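Have a look at the structure below before the remarks.
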Amino acid sequence: MKQEQPILIYDESEIIENEIKFKMEEDNEDNKTEEEIREIVYNDYDLFTFQWDFLKEELTEVMHRLNKRNFFKTMWKASVNNFGWRNQDGFKTFHAETGEELLRAILPETDCTFRIFKYGRNGIKIQNFHHDSPTGNEWYYIKPMTIKEVEEDGKSFR
């Protein structure tokens, strides 16, 4: 059975290892050791900022592609399974124009590692790992809201 591939990933340990690998193979004119390069990467305070900004921009593009036909392009509905250490389920409707707004609306306010996958025809699902869900059994399923769903939800828009 073919395993589903994520469309976006935010994993700080993977970011570090990929940067070390890149610097060893492509950017090592001074023939530094792996240990020296690792030290350089660990001290690159902009590395995570750059990667986080890139992920937010890419997620915003994904949101626009998934939500082309919907009149309410900024309204989303999300359900979560196995949230936190109590493994709770729930749902939420929210407004998000950007990837950053979407992530802030659903993910817990803690250090998270996550993988984003395509879900159905016009949705995404996120597998999230953090201190209260270290095995990644926390899943979010997010889709744009339809006009009917917005009317039923009773939200007001600008």
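Please note that chains go A, B, ... in the order of the structure tokens, that every chain numbers its residues from 1, and that ligands are numbered from 1 in the order shown.
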
Worksheet entry | Shell of 10 Å around Trp85 of chain A, only C-alpha atoms, local chain residues under 3 positions omitted, as number ranges by chain | A: 82, 88, 130-134, 138

Kindly save the residues from that selection, with C-alpha atoms included, as a PDB file, in the first residue's frame.
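Okay, part.pdb is ready:
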```pdb
ATOM      1  CA  ASN A  82      -7.162  13.044  19.735  1.00  0.00           C
ATOM      2  CA  GLN A  88     -10.333  14.939  22.905  1.00  0.00           C
ATOM      3  CA  HIS A 130       3.939  18.236  20.594  1.00  0.00           C
ATOM      4  CA  HIS A 131       4.617  17.574  24.280  1.00  0.00           C
ATOM      5  CA  ASP A 132       1.007  16.471  24.954  1.00  0.00           C
ATOM      6  CA  SER A 133       0.849  14.398  21.761  1.00  0.00           C
ATOM      7  CA  PRO A 134       4.368  13.087  21.162  1.00  0.00           C
ATOM      8  CA  GLU A 138      -3.467  14.511  16.970  1.00  0.00           C
TER       9      GLU A 138
END
```

I'd like the neighbourhood of Gly123 of chain A as a short mmCIF file (atom, residue, chain, number, x, y, z; two decimals) with N, CA and C atoms, in the first residue's frame, where a residue qualifies if any of its atoms comes within 7 Å (using only C-alpha atoms), though same-chain residues fewer than 3 positions away should be ignored.
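This went into result_12.cif:
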```cif
data_model
loop_
_atom_site.label_atom_id
_atom_site.label_comp_id
_atom_site.auth_asym_id
_atom_site.auth_seq_id
_atom_site.Cartn_x
_atom_site.Cartn_y
_atom_site.Cartn_z
N LEU A 66 -6.99 25.48 -2.95
CA LEU A 66 -8.07 24.60 -2.50
C LEU A 66 -9.41 25.32 -2.47
N LYS A 118 -2.84 16.70 1.73
CA LYS A 118 -4.08 16.99 1.01
C LYS A 118 -5.15 16.08 1.60
N TYR A 119 -6.38 16.59 1.70
CA TYR A 119 -7.48 15.84 2.29
C TYR A 119 -8.72 16.01 1.41
N GLY A 120 -9.13 14.95 0.77
CA GLY A 120 -10.29 15.04 -0.10
C GLY A 120 -10.01 15.93 -1.30
N ILE A 142 -9.33 20.04 7.80
CA ILE A 142 -9.73 21.42 7.53
C ILE A 142 -10.24 21.54 6.11
N LYS A 143 -11.40 22.19 5.98
CA LYS A 143 -11.98 22.44 4.65
C LYS A 143 -12.58 23.84 4.63
#
```

Worksheet item: Which of segment 28-84 of chain A counts as helix (DSSP H, G or I) under DSSP, as a PyMOL selection string please?
Response: chain A and resi 34-42+46-66

Practice prompt. Going by DSSP on the backbone, which bits of segment 84-136 of chain A are strand (DSSP E)? Write them as a PyMOL selection string, please.
Written response: chain A and resi 88-95+113-119+123-130+133-136

Practice prompt. Considering only C-alpha atoms, state which residue in the set A:Gln127, A:Asp89, A:Arg121, A:Gln5 is at the smallest distance from Arg65 of chain A.
Written response: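 Looking at the shortest contact to Arg65 of chain A, the residue is A:Arg121.
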